[in-house]
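See below for the structure under consideration.
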Amino acid sequence: MAPFVEVCRYKPVPFSLTSSSSSSLCSSCPCRSTPRNSLTLPRLPVKYSNLRLLCSKPSFRSFNRRVITAVARVESEQLGDDDGNSNEEGERDEEVQSVEEDSSLDQQKVKSRSQFKKRVVFGLGIGLSVGGVVLAGGWVFTLALAAAVLLSAREYFELVRSKGIARGMTPPPRYLSRVCSVICALMPILTLYFGHIDIAVTSSAFVVAMALLLQRGNPRFSQLSSTMFGLFYCGYLPCFWVKLRCGLTAPVLGRSWPVLLGGPGHWTVGLVAILVSFCGIIASDTFAFLGGKAFGKTPLISISPKKTWEGAVAGLVGCITVTVLLSKSLSWPQPLVSTIAFGVLNFLGSVFGDLTESMIKRDAGVKDSGSLIPGHGGILDRVDSYVFTGALAYSFVRLHGV
């Protein structure tokens with residue numbers, strides 16, 4: 001309304017007036033002291049240059065209506081300019097937002113590439129190291145496995161003590177968790193020394209149960225159950241790899257091994273079974289990942305939303321394929337049906353071991369069990385697929401007549 005006030009405060013009159021009427025009208029006009037035949041308006045600002053005053057009839061009512069119409073026209077043009085400016089500002093904001101989104105996407109791509117490079121580099125390093133340890137066998141293999149078990153057990157008991165799991169249960173005391181981690185690490189060594197696991201398992205269970213019952217305060221069943229499962233999951237099951245590698249010393253028949261590779265005495269059934277199992281697990285994880293990325297649509301299970309049925313089928317096919325190819329090269333197992341069955345067992349052990357660890361991490365409310373290995377997480381994240389597979393592979397070899 002400012003333009004209207006500025007124009008109307010001069011009280012304009014018609015241009016053509018008679019002398020008699022002008023004398024009576026201009027006597028009341030504050031803008032001049034003497035009557036005249038016409039009224040000259042002052043010069044308006046530039047923003048009102050579009051204002052045009054035309055009077056066809058000497059009437060105040062029509063003149064005021066035209067002034068109001070002109071002022072409204074000026075204001076509408078100003079509002080149009082404001083709308084144009086606001087549209088330009090909106091477009092600029094959208095451009096800035098799109099640039100920010102593109103930069104964030106580029107940062108995510110760079111981060112994912114760096115993570116992938118770390119996974120590949122450390123994965124190859126771990127694979128070569130594990131291959132050398134498996135070929136060495138004996139105390140080298142056992143001590144390396146004991147070190148991995150110690151780190152995995154520590155990560156497991158830290159998960160049990162996390163806030164996500166501790167809300168619904170009472171975790172075991174910290175000192176007992178450390179003692180159980182050491183006991184789990186000693187189990188593979190005792191298995192190699194005594195040749196079986198019975199003494200180690202029964203002695204460990206008795207010591208842990210007595211420590212829980214004699215602690216201060218009120219012992220809880222949740223403490224006993226989580227501790228016993230830790231001994232079974234992190235200590236007992238990995239011992240089957242020791243029994244498979246160091247206990248089954250029968251040579252593989254049907255192939256002449258060169259002396260540079262150790263000769264026939266080095267390539268035992270246990271060594272070949274471990275190599276086939278490890279390669280089958282790696283193939284299962286790799287094909288499941290690639291198949292899920294390419295074709296994954298149907299979720300496999302709720303505790304691991306990223307796993308799909310399409311990825312699981314791809315992992316099964318990859319595991320069986322690698323197992324068949326290695327059985328032809330290493331001459332074990334010989335029948336094709338036994339080879340396929342061994343591949344299926346390795347796949348099932350890999351999948352259920354992975355899902356078990358995913359369930360523990362989901363209850364704990366964490367993504368990884370640790371951060372020891374860059375790009376991979378913790379030790380337990382890398383060995384979860386091997387926990388149940390050792391017992392299944394050992395049972396298969398024993399049932400196979402070795």
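In the structure tokens, chains take the letters A, B, ... in the order shown, each chain's residues start at 1, and ligands count up from 1 in the order shown.
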
Segment 177-381 of chain A: residues DSSP assigns to helix (DSSP H, G or I), reported as a CSV table (one decimal) with N, CA and C atoms, in the first residue's frame:
chain,number,residue,atom,x,y,z
A,177,SER,N,35.3,-64.6,32.1
A,177,SER,CA,35.4,-64.6,30.7
A,177,SER,C,36.8,-64.7,30.2
A,178,ARG,N,37.8,-64.1,30.9
A,178,ARG,CA,39.2,-64.2,30.5
A,178,ARG,C,39.7,-65.6,30.7
A,179,VAL,N,39.3,-66.2,31.8
A,179,VAL,CA,39.7,-67.6,32.1
A,179,VAL,C,39.2,-68.5,31.0
A,180,CYS,N,37.9,-68.3,30.6
A,180,CYS,CA,37.3,-69.2,29.6
A,180,CYS,C,38.0,-69.0,28.2
A,181,SER,N,38.5,-67.8,27.9
A,181,SER,CA,39.2,-67.5,26.7
A,181,SER,C,40.5,-68.3,26.7
A,182,VAL,N,41.2,-68.3,27.8
A,182,VAL,CA,42.4,-69.1,27.9
A,182,VAL,C,42.2,-70.6,27.8
A,183,ILE,N,41.1,-71.0,28.4
A,183,ILE,CA,40.8,-72.5,28.3
A,183,ILE,C,40.5,-72.9,26.9
A,184,CYS,N,39.7,-72.0,26.2
A,184,CYS,CA,39.4,-72.3,24.8
A,184,CYS,C,40.7,-72.4,23.9
A,185,ALA,N,41.7,-71.5,24.2
A,185,ALA,CA,43.0,-71.6,23.5
A,185,ALA,C,43.8,-72.8,23.8
A,186,LEU,N,43.6,-73.3,25.0
A,186,LEU,CA,44.4,-74.5,25.4
A,186,LEU,C,43.8,-75.8,24.9
A,187,MET,N,42.5,-75.8,24.5
A,187,MET,CA,41.8,-77.0,24.0
A,187,MET,C,42.5,-77.6,22.7
A,188,PRO,N,42.8,-76.8,21.7
A,188,PRO,CA,43.5,-77.4,20.5
A,188,PRO,C,44.9,-78.0,20.9
A,189,ILE,N,45.6,-77.4,21.8
A,189,ILE,CA,46.9,-77.9,22.2
A,189,ILE,C,46.7,-79.2,23.0
A,190,LEU,N,45.8,-79.3,23.9
A,190,LEU,CA,45.5,-80.5,24.6
A,190,LEU,C,45.0,-81.6,23.6
A,191,THR,N,44.3,-81.2,22.6
A,191,THR,CA,43.8,-82.2,21.6
A,191,THR,C,45.0,-82.8,20.9
A,192,LEU,N,45.9,-82.0,20.5
A,192,LEU,CA,47.1,-82.5,19.8
A,192,LEU,C,47.9,-83.4,20.7
A,193,TYR,N,48.0,-83.0,22.0
A,193,TYR,CA,48.9,-83.7,22.9
A,193,TYR,C,48.3,-85.1,23.3
A,194,PHE,N,47.0,-85.1,23.7
A,194,PHE,CA,46.3,-86.3,24.1
A,194,PHE,C,45.7,-87.1,23.0
A,198,ASP,N,38.1,-85.3,24.9
A,198,ASP,CA,37.2,-85.6,26.1
A,198,ASP,C,37.7,-85.0,27.4
A,199,ILE,N,39.0,-85.2,27.6
A,199,ILE,CA,39.5,-84.7,28.9
A,199,ILE,C,39.5,-83.2,29.0
A,200,ALA,N,39.8,-82.5,27.9
A,200,ALA,CA,39.8,-81.0,27.9
A,200,ALA,C,38.4,-80.5,28.1
A,201,VAL,N,37.4,-81.1,27.5
A,201,VAL,CA,36.1,-80.5,27.6
A,201,VAL,C,35.5,-80.7,28.9
A,202,THR,N,35.6,-81.9,29.5
A,202,THR,CA,35.0,-82.2,30.8
A,202,THR,C,35.7,-81.4,31.9
A,203,SER,N,37.0,-81.3,31.8
A,203,SER,CA,37.7,-80.6,32.8
A,203,SER,C,37.4,-79.1,32.8
A,204,SER,N,37.3,-78.5,31.6
A,204,SER,CA,36.9,-77.1,31.4
A,204,SER,C,35.5,-76.8,31.9
A,205,ALA,N,34.6,-77.7,31.6
A,205,ALA,CA,33.2,-77.5,32.0
A,205,ALA,C,33.1,-77.6,33.6
A,206,PHE,N,33.8,-78.5,34.2
A,206,PHE,CA,33.8,-78.6,35.6
A,206,PHE,C,34.4,-77.3,36.3
A,207,VAL,N,35.5,-76.9,35.8
A,207,VAL,CA,36.1,-75.7,36.4
A,207,VAL,C,35.3,-74.4,36.3
A,208,VAL,N,34.7,-74.2,35.1
A,208,VAL,CA,33.8,-73.1,34.9
A,208,VAL,C,32.6,-73.1,35.8
A,209,ALA,N,31.9,-74.3,35.9
A,209,ALA,CA,30.7,-74.4,36.7
A,209,ALA,C,31.0,-74.2,38.1
A,210,MET,N,32.1,-74.7,38.7
A,210,MET,CA,32.5,-74.4,40.1
A,210,MET,C,32.8,-73.0,40.3
A,211,ALA,N,33.5,-72.3,39.4
A,211,ALA,CA,33.8,-70.9,39.5
A,211,ALA,C,32.5,-70.0,39.5
A,212,LEU,N,31.5,-70.4,38.7
A,212,LEU,CA,30.3,-69.6,38.7
A,212,LEU,C,29.5,-69.9,40.0
A,213,LEU,N,29.4,-71.1,40.5
A,213,LEU,CA,28.6,-71.4,41.7
A,213,LEU,C,29.3,-70.8,42.9
A,221,PHE,N,21.6,-68.6,35.9
A,221,PHE,CA,21.6,-69.6,34.8
A,221,PHE,C,22.1,-69.0,33.5
A,222,SER,N,21.8,-67.7,33.3
A,222,SER,CA,22.3,-67.1,32.0
A,222,SER,C,23.8,-67.0,32.0
A,223,GLN,N,24.4,-66.8,33.1
A,223,GLN,CA,25.9,-66.8,33.2
A,223,GLN,C,26.4,-68.2,32.8
A,224,LEU,N,25.8,-69.3,33.3
A,224,LEU,CA,26.3,-70.6,33.1
A,224,LEU,C,26.1,-71.0,31.6
A,225,SER,N,24.9,-70.7,31.1
A,225,SER,CA,24.6,-71.0,29.7
A,225,SER,C,25.5,-70.3,28.7
A,226,SER,N,25.6,-69.0,28.9
A,226,SER,CA,26.5,-68.2,27.9
A,226,SER,C,27.9,-68.7,28.0
A,227,THR,N,28.4,-69.0,29.2
A,227,THR,CA,29.8,-69.5,29.3
A,227,THR,C,30.0,-70.9,28.7
A,228,MET,N,29.1,-71.8,29.0
A,228,MET,CA,29.2,-73.1,28.4
A,228,MET,C,29.1,-73.1,26.9
A,229,PHE,N,28.2,-72.2,26.3
A,229,PHE,CA,28.2,-72.1,24.9
A,229,PHE,C,29.4,-71.6,24.3
A,230,GLY,N,30.1,-70.6,25.0
A,230,GLY,CA,31.3,-70.1,24.6
A,230,GLY,C,32.4,-71.1,24.5
A,231,LEU,N,32.5,-72.0,25.6
A,231,LEU,CA,33.4,-73.1,25.5
A,231,LEU,C,33.2,-74.1,24.4
A,232,PHE,N,31.9,-74.3,24.1
A,232,PHE,CA,31.6,-75.2,23.0
A,232,PHE,C,31.8,-74.6,21.7
A,233,TYR,N,31.4,-73.3,21.5
A,233,TYR,CA,31.5,-72.7,20.2
A,233,TYR,C,32.9,-72.2,19.9
A,234,CYS,N,33.6,-71.7,20.8
A,234,CYS,CA,35.0,-71.2,20.5
A,234,CYS,C,36.1,-72.1,20.8
A,235,GLY,N,35.8,-73.1,21.7
A,235,GLY,CA,36.9,-74.0,22.1
A,235,GLY,C,36.8,-75.5,21.6
A,236,TYR,N,35.6,-76.1,21.7
A,236,TYR,CA,35.4,-77.5,21.4
A,236,TYR,C,35.4,-77.7,19.9
A,239,CYS,N,38.6,-77.7,17.7
A,239,CYS,CA,39.5,-78.8,17.9
A,239,CYS,C,39.4,-79.9,16.8
A,240,PHE,N,38.3,-79.9,16.1
A,240,PHE,CA,38.1,-81.0,15.1
A,240,PHE,C,39.0,-80.7,13.9
A,241,TRP,N,39.4,-79.5,13.7
A,241,TRP,CA,40.4,-79.2,12.7
A,241,TRP,C,41.8,-79.8,13.0
A,242,VAL,N,42.1,-79.8,14.3
A,242,VAL,CA,43.4,-80.4,14.8
A,242,VAL,C,43.3,-81.9,14.6
A,243,LYS,N,42.2,-82.5,14.9
A,243,LYS,CA,42.0,-84.0,14.7
A,243,LYS,C,42.0,-84.3,13.3
A,244,LEU,N,41.5,-83.5,12.4
A,244,LEU,CA,41.4,-83.7,11.0
A,244,LEU,C,42.8,-83.6,10.4
A,245,ARG,N,43.6,-82.6,10.7
A,245,ARG,CA,44.9,-82.4,10.1
A,245,ARG,C,46.0,-83.2,10.7
A,246,CYS,N,46.0,-83.4,12.0
A,246,CYS,CA,47.1,-84.1,12.6
A,246,CYS,C,46.7,-85.6,13.1
A,247,GLY,N,45.4,-85.9,13.1
A,247,GLY,CA,45.0,-87.2,13.5
A,247,GLY,C,44.8,-88.2,12.4
A,259,VAL,N,58.6,-85.5,-4.6
A,259,VAL,CA,59.4,-85.3,-3.3
A,259,VAL,C,59.4,-83.8,-2.9
A,260,LEU,N,59.4,-82.9,-3.9
A,260,LEU,CA,59.5,-81.5,-3.6
A,260,LEU,C,58.2,-81.0,-2.9
A,261,LEU,N,57.1,-81.8,-3.1
A,261,LEU,CA,55.9,-81.4,-2.4
A,261,LEU,C,55.7,-82.2,-1.1
A,269,VAL,N,45.2,-87.9,4.1
A,269,VAL,CA,43.7,-87.7,3.9
A,269,VAL,C,43.3,-86.4,4.7
A,270,GLY,N,43.9,-86.2,5.9
A,270,GLY,CA,43.5,-85.1,6.7
A,270,GLY,C,43.9,-83.8,6.0
A,271,LEU,N,45.1,-83.7,5.4
A,271,LEU,CA,45.6,-82.5,4.7
A,271,LEU,C,44.7,-82.2,3.5
A,272,VAL,N,44.4,-83.2,2.7
A,272,VAL,CA,43.6,-83.0,1.5
A,272,VAL,C,42.2,-82.6,1.9
A,273,ALA,N,41.6,-83.2,2.9
A,273,ALA,CA,40.3,-82.9,3.4
A,273,ALA,C,40.2,-81.4,3.8
A,274,ILE,N,41.2,-81.0,4.6
A,274,ILE,CA,41.2,-79.6,5.0
A,274,ILE,C,41.4,-78.6,3.8
A,275,LEU,N,42.2,-78.9,2.9
A,275,LEU,CA,42.4,-78.1,1.7
A,275,LEU,C,41.1,-78.0,0.9
A,276,VAL,N,40.4,-79.1,0.7
A,276,VAL,CA,39.2,-79.1,0.0
A,276,VAL,C,38.1,-78.3,0.8
A,277,SER,N,38.0,-78.5,2.1
A,277,SER,CA,37.0,-77.8,2.9
A,277,SER,C,37.3,-76.3,2.9
A,278,PHE,N,38.5,-75.9,3.1
A,278,PHE,CA,38.8,-74.5,3.1
A,278,PHE,C,38.5,-73.8,1.8
A,279,CYS,N,38.9,-74.5,0.7
A,279,CYS,CA,38.6,-73.9,-0.6
A,279,CYS,C,37.1,-73.9,-0.9
A,280,GLY,N,36.4,-74.9,-0.5
A,280,GLY,CA,35.0,-74.9,-0.7
A,280,GLY,C,34.3,-73.8,0.1
A,281,ILE,N,34.7,-73.6,1.3
A,281,ILE,CA,34.1,-72.5,2.1
A,281,ILE,C,34.4,-71.1,1.5
A,282,ILE,N,35.6,-70.9,1.0
A,282,ILE,CA,35.9,-69.7,0.3
A,282,ILE,C,35.1,-69.5,-0.9
A,283,ALA,N,34.9,-70.6,-1.7
A,283,ALA,CA,34.1,-70.5,-2.9
A,283,ALA,C,32.6,-70.2,-2.5
A,284,SER,N,32.2,-70.8,-1.5
A,284,SER,CA,30.8,-70.6,-1.0
A,284,SER,C,30.5,-69.2,-0.7
A,285,ASP,N,31.4,-68.6,0.1
A,285,ASP,CA,31.3,-67.2,0.5
A,285,ASP,C,31.4,-66.2,-0.7
A,286,THR,N,32.3,-66.5,-1.6
A,286,THR,CA,32.5,-65.7,-2.7
A,286,THR,C,31.3,-65.7,-3.7
A,287,PHE,N,30.9,-66.9,-4.1
A,287,PHE,CA,29.8,-67.1,-5.0
A,287,PHE,C,28.5,-66.6,-4.4
A,288,ALA,N,28.3,-66.8,-3.1
A,288,ALA,CA,27.1,-66.2,-2.4
A,288,ALA,C,27.1,-64.7,-2.5
A,289,PHE,N,28.2,-64.1,-2.3
A,289,PHE,CA,28.3,-62.6,-2.3
A,289,PHE,C,28.0,-62.1,-3.7
A,290,LEU,N,28.7,-62.7,-4.7
A,290,LEU,CA,28.5,-62.2,-6.1
A,290,LEU,C,27.1,-62.5,-6.6
A,291,GLY,N,26.6,-63.7,-6.2
A,291,GLY,CA,25.2,-64.0,-6.7
A,291,GLY,C,24.1,-63.2,-6.0
A,292,GLY,N,24.3,-62.9,-4.7
A,292,GLY,CA,23.4,-62.0,-4.0
A,292,GLY,C,23.4,-60.6,-4.6
A,293,LYS,N,24.6,-60.1,-4.9
A,293,LYS,CA,24.7,-58.8,-5.5
A,293,LYS,C,24.1,-58.7,-6.9
A,294,ALA,N,24.2,-59.7,-7.7
A,294,ALA,CA,23.7,-59.7,-9.0
A,294,ALA,C,22.2,-60.1,-9.1
A,295,PHE,N,21.8,-61.1,-8.4
A,295,PHE,CA,20.4,-61.6,-8.6
A,295,PHE,C,19.6,-61.6,-7.3
A,309,TRP,N,18.1,-65.9,-0.9
A,309,TRP,CA,18.1,-67.3,-1.4
A,309,TRP,C,18.9,-67.4,-2.7
A,310,GLU,N,18.9,-66.4,-3.6
A,310,GLU,CA,19.6,-66.5,-4.8
A,310,GLU,C,21.1,-66.6,-4.5
A,311,GLY,N,21.6,-65.8,-3.5
A,311,GLY,CA,23.0,-65.9,-3.1
A,311,GLY,C,23.3,-67.2,-2.5
A,312,ALA,N,22.4,-67.8,-1.7
A,312,ALA,CA,22.7,-69.1,-1.2
A,312,ALA,C,22.8,-70.2,-2.2
A,313,VAL,N,21.9,-70.2,-3.2
A,313,VAL,CA,22.0,-71.1,-4.3
A,313,VAL,C,23.3,-71.0,-5.1
A,314,ALA,N,23.7,-69.7,-5.3
A,314,ALA,CA,25.0,-69.5,-6.0
A,314,ALA,C,26.1,-70.0,-5.2
A,315,GLY,N,26.1,-69.8,-3.9
A,315,GLY,CA,27.2,-70.3,-3.0
A,315,GLY,C,27.2,-71.8,-3.0
A,316,LEU,N,26.0,-72.5,-3.0
A,316,LEU,CA,26.0,-74.0,-3.0
A,316,LEU,C,26.6,-74.5,-4.3
A,317,VAL,N,26.2,-73.9,-5.5
A,317,VAL,CA,26.8,-74.3,-6.8
A,317,VAL,C,28.3,-74.1,-6.8
A,318,GLY,N,28.8,-72.9,-6.3
A,318,GLY,CA,30.2,-72.7,-6.3
A,318,GLY,C,31.0,-73.6,-5.4
A,319,CYS,N,30.4,-73.9,-4.3
A,319,CYS,CA,31.1,-74.9,-3.3
A,319,CYS,C,31.2,-76.3,-3.9
A,320,ILE,N,30.1,-76.7,-4.5
A,320,ILE,CA,30.1,-78.1,-5.1
A,320,ILE,C,31.1,-78.1,-6.3
A,321,THR,N,31.1,-77.1,-7.1
A,321,THR,CA,32.0,-77.0,-8.3
A,321,THR,C,33.4,-77.1,-7.9
A,322,VAL,N,33.8,-76.3,-6.9
A,322,VAL,CA,35.2,-76.2,-6.5
A,322,VAL,C,35.6,-77.6,-5.8
A,323,THR,N,34.7,-78.1,-5.1
A,323,THR,CA,35.0,-79.4,-4.4
A,323,THR,C,35.2,-80.5,-5.5
A,324,VAL,N,34.4,-80.6,-6.5
A,324,VAL,CA,34.6,-81.6,-7.6
A,324,VAL,C,35.9,-81.4,-8.3
A,325,LEU,N,36.2,-80.1,-8.6
A,325,LEU,CA,37.5,-79.9,-9.4
A,325,LEU,C,38.7,-80.3,-8.5
A,326,LEU,N,38.7,-79.9,-7.2
A,326,LEU,CA,39.8,-80.3,-6.4
A,326,LEU,C,39.9,-81.8,-6.1
A,327,SER,N,38.7,-82.5,-6.1
A,327,SER,CA,38.8,-83.9,-5.9
A,327,SER,C,39.4,-84.6,-7.1
A,328,LYS,N,39.2,-84.1,-8.3
A,328,LYS,CA,39.8,-84.6,-9.4
A,328,LYS,C,41.3,-84.4,-9.4
A,329,SER,N,41.8,-83.3,-8.9
A,329,SER,CA,43.2,-82.9,-8.9
A,329,SER,C,43.9,-83.7,-7.7
A,330,LEU,N,43.3,-83.8,-6.6
A,330,LEU,CA,43.9,-84.3,-5.4
A,330,LEU,C,43.6,-85.8,-5.1
A,336,LEU,N,31.9,-89.6,-7.3
A,336,LEU,CA,31.3,-88.3,-7.5
A,336,LEU,C,30.2,-88.0,-6.5
A,337,VAL,N,29.5,-89.0,-6.1
A,337,VAL,CA,28.4,-88.8,-5.1
A,337,VAL,C,29.0,-88.4,-3.8
A,338,SER,N,30.1,-89.0,-3.4
A,338,SER,CA,30.8,-88.6,-2.1
A,338,SER,C,31.3,-87.2,-2.2
A,339,THR,N,31.8,-86.9,-3.4
A,339,THR,CA,32.4,-85.5,-3.6
A,339,THR,C,31.3,-84.5,-3.5
A,340,ILE,N,30.1,-84.7,-4.1
A,340,ILE,CA,29.0,-83.8,-4.0
A,340,ILE,C,28.5,-83.7,-2.6
A,341,ALA,N,28.4,-84.8,-1.9
A,341,ALA,CA,28.0,-84.8,-0.5
A,341,ALA,C,28.9,-84.0,0.4
A,342,PHE,N,30.2,-84.1,0.1
A,342,PHE,CA,31.2,-83.4,0.9
A,342,PHE,C,31.1,-81.9,0.6
A,343,GLY,N,30.8,-81.5,-0.6
A,343,GLY,CA,30.6,-80.1,-0.9
A,343,GLY,C,29.4,-79.5,-0.2
A,344,VAL,N,28.3,-80.3,-0.2
A,344,VAL,CA,27.1,-79.9,0.5
A,344,VAL,C,27.3,-79.7,2.0
A,345,LEU,N,28.0,-80.6,2.6
A,345,LEU,CA,28.3,-80.5,4.0
A,345,LEU,C,29.1,-79.2,4.3
A,346,ASN,N,30.1,-79.0,3.5
A,346,ASN,CA,30.9,-77.8,3.7
A,346,ASN,C,30.1,-76.5,3.5
A,347,PHE,N,29.2,-76.5,2.6
A,347,PHE,CA,28.3,-75.4,2.4
A,347,PHE,C,27.4,-75.2,3.6
A,348,LEU,N,26.8,-76.2,4.1
A,348,LEU,CA,25.8,-76.1,5.2
A,348,LEU,C,26.6,-75.6,6.4
A,349,GLY,N,27.8,-76.2,6.7
A,349,GLY,CA,28.5,-75.7,7.8
A,349,GLY,C,28.9,-74.3,7.7
A,350,SER,N,29.3,-73.8,6.5
A,350,SER,CA,29.6,-72.4,6.3
A,350,SER,C,28.5,-71.5,6.6
A,351,VAL,N,27.3,-71.9,6.0
A,351,VAL,CA,26.1,-71.0,6.1
A,351,VAL,C,25.6,-70.9,7.6
A,352,PHE,N,25.5,-72.0,8.2
A,352,PHE,CA,25.0,-72.0,9.6
A,352,PHE,C,26.0,-71.4,10.6
A,353,GLY,N,27.3,-71.6,10.3
A,353,GLY,CA,28.2,-70.9,11.2
A,353,GLY,C,28.2,-69.4,11.0
A,354,ASP,N,28.0,-68.9,9.8
A,354,ASP,CA,27.8,-67.5,9.5
A,354,ASP,C,26.5,-67.0,10.2
A,355,LEU,N,25.4,-67.7,10.1
A,355,LEU,CA,24.2,-67.3,10.6
A,355,LEU,C,24.2,-67.2,12.2
A,356,THR,N,24.9,-68.2,12.8
A,356,THR,CA,25.0,-68.2,14.2
A,356,THR,C,25.7,-67.0,14.7
A,357,GLU,N,26.8,-66.6,14.1
A,357,GLU,CA,27.5,-65.4,14.5
A,357,GLU,C,26.7,-64.2,14.2
A,358,SER,N,25.9,-64.2,13.1
A,358,SER,CA,25.1,-63.0,12.8
A,358,SER,C,24.0,-62.9,13.9
A,359,MET,N,23.5,-64.0,14.4
A,359,MET,CA,22.5,-63.9,15.5
A,359,MET,C,23.1,-63.3,16.8
A,360,ILE,N,24.3,-63.7,17.1
A,360,ILE,CA,25.0,-63.1,18.3
A,360,ILE,C,25.2,-61.6,18.1
A,361,LYS,N,25.7,-61.2,16.9
A,361,LYS,CA,26.0,-59.8,16.7
A,361,LYS,C,24.7,-59.0,16.7
A,362,ARG,N,23.6,-59.6,16.2
A,362,ARG,CA,22.3,-58.9,16.1
A,362,ARG,C,21.8,-58.6,17.5
A,363,ASP,N,21.9,-59.6,18.4
A,363,ASP,CA,21.5,-59.4,19.8
A,363,ASP,C,22.4,-58.4,20.5
A,364,ALA,N,23.6,-58.4,20.1
A,364,ALA,CA,24.6,-57.5,20.8
A,364,ALA,C,24.4,-56.1,20.2
A,379,ILE,N,38.3,-61.2,14.3
A,379,ILE,CA,38.7,-62.6,13.9
A,379,ILE,C,37.4,-63.5,13.8
A,380,LEU,N,36.5,-63.3,14.7
A,380,LEU,CA,35.3,-64.1,14.7
A,380,LEU,C,34.5,-63.9,13.4
A,381,ASP,N,34.6,-62.7,12.8
A,381,ASP,CA,33.9,-62.4,11.6
A,381,ASP,C,34.5,-63.2,10.4

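Among the candidates A:Thr268, A:Ser162, A:Gly127, A:Ala391, the one nearest to Thr249 of chain A when counting only C-alpha atoms is A:Thr268.
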
Those of segment 149-393 of chain A in DSSP strand (DSSP E or B), formatted as a short mmCIF file (atom, residue, chain, number, x, y, z; two decimals) with all heavy atoms, in the first residue's frame:
data_model
loop_
_atom_site.label_atom_id
_atom_site.label_comp_id
_atom_site.auth_asym_id
_atom_site.auth_seq_id
_atom_site.Cartn_x
_atom_site.Cartn_y
_atom_site.Cartn_z
N PRO A 251 47.80 -91.95 3.95
CA PRO A 251 48.13 -91.26 2.69
C PRO A 251 47.00 -91.39 1.68
O PRO A 251 46.21 -92.33 1.72
CB PRO A 251 49.40 -91.96 2.22
CG PRO A 251 49.31 -93.33 2.82
CD PRO A 251 48.61 -93.18 4.13
N THR A 268 48.42 -86.46 3.31
CA THR A 268 47.52 -87.39 3.98
C THR A 268 46.07 -87.04 3.65
O THR A 268 45.77 -85.99 3.06
CB THR A 268 47.74 -87.33 5.49
OG1 THR A 268 47.45 -86.01 5.96
CG2 THR A 268 49.18 -87.69 5.84
N PRO A 299 14.79 -62.49 0.55
CA PRO A 299 15.58 -62.59 1.78
C PRO A 299 15.65 -64.03 2.28
O PRO A 299 14.67 -64.79 2.21
CB PRO A 299 14.83 -61.68 2.76
CG PRO A 299 14.02 -60.76 1.91
CD PRO A 299 13.65 -61.56 0.69
N LEU A 300 16.80 -64.40 2.81
CA LEU A 300 17.00 -65.76 3.31
C LEU A 300 16.47 -65.93 4.72
O LEU A 300 15.72 -66.87 5.00
CB LEU A 300 18.48 -66.12 3.24
CG LEU A 300 18.88 -67.50 3.76
CD1 LEU A 300 18.22 -68.58 2.93
CD2 LEU A 300 20.40 -67.67 3.75
N ILE A 301 16.83 -65.02 5.62
CA ILE A 301 16.43 -65.12 7.01
C ILE A 301 16.48 -63.73 7.63
O ILE A 301 17.23 -62.86 7.17
CB ILE A 301 17.36 -66.11 7.77
CG1 ILE A 301 16.79 -66.49 9.13
CG2 ILE A 301 18.77 -65.56 7.90
CD1 ILE A 301 17.53 -67.64 9.80
N SER A 304 19.78 -61.99 9.24
CA SER A 304 20.80 -61.47 8.32
C SER A 304 20.09 -60.97 7.07
O SER A 304 19.95 -61.72 6.08
CB SER A 304 21.83 -62.55 7.98
OG SER A 304 22.88 -62.02 7.20
N PRO A 305 19.59 -59.73 7.07
CA PRO A 305 18.76 -59.25 5.97
C PRO A 305 19.46 -59.21 4.61
O PRO A 305 18.80 -59.27 3.58
CB PRO A 305 18.37 -57.83 6.42
CG PRO A 305 18.59 -57.80 7.89
CD PRO A 305 19.73 -58.73 8.15
N LYS A 306 20.78 -59.08 4.59
CA LYS A 306 21.49 -58.97 3.32
C LYS A 306 21.63 -60.30 2.59
O LYS A 306 21.95 -60.31 1.40
CB LYS A 306 22.87 -58.35 3.54
CG LYS A 306 22.83 -56.90 3.98
CD LYS A 306 24.22 -56.32 4.10
CE LYS A 306 24.19 -54.87 4.49
NZ LYS A 306 25.55 -54.28 4.60
N LYS A 307 21.42 -61.40 3.28
CA LYS A 307 21.55 -62.72 2.65
C LYS A 307 20.25 -63.06 1.94
O LYS A 307 19.16 -62.83 2.46
CB LYS A 307 21.90 -63.78 3.68
CG LYS A 307 23.31 -63.63 4.23
CD LYS A 307 23.62 -64.73 5.22
CE LYS A 307 25.08 -64.66 5.66
NZ LYS A 307 25.42 -63.35 6.27
N THR A 308 20.38 -63.62 0.75
CA THR A 308 19.23 -63.96 -0.08
C THR A 308 19.30 -65.42 -0.51
O THR A 308 20.36 -66.06 -0.46
CB THR A 308 19.17 -63.06 -1.33
OG1 THR A 308 20.38 -63.24 -2.09
CG2 THR A 308 19.04 -61.59 -0.93
N ILE A 373 41.06 -56.79 11.97
CA ILE A 373 41.47 -56.94 10.58
C ILE A 373 40.83 -55.80 9.78
O ILE A 373 39.61 -55.73 9.68
CB ILE A 373 41.04 -58.30 10.00
CG1 ILE A 373 41.54 -59.43 10.90
CG2 ILE A 373 41.58 -58.48 8.59
CD1 ILE A 373 41.04 -60.79 10.47
N GLY A 377 36.74 -56.68 9.81
CA GLY A 377 36.16 -56.73 11.15
C GLY A 377 37.06 -57.47 12.11
O GLY A 377 38.27 -57.26 12.15
#

Tell me which of A:Leu143, A:Val387, A:Leu399, A:Gly365 sits closest to Arg161 of chain A, counting only C-alpha atoms.
-> A:Gly365

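Using only C-alpha atoms, the smallest distance between any of A:Val397, A:Val149, A:Leu176, A:Ile303 and Asp384 of chain A comes from A:Val149.
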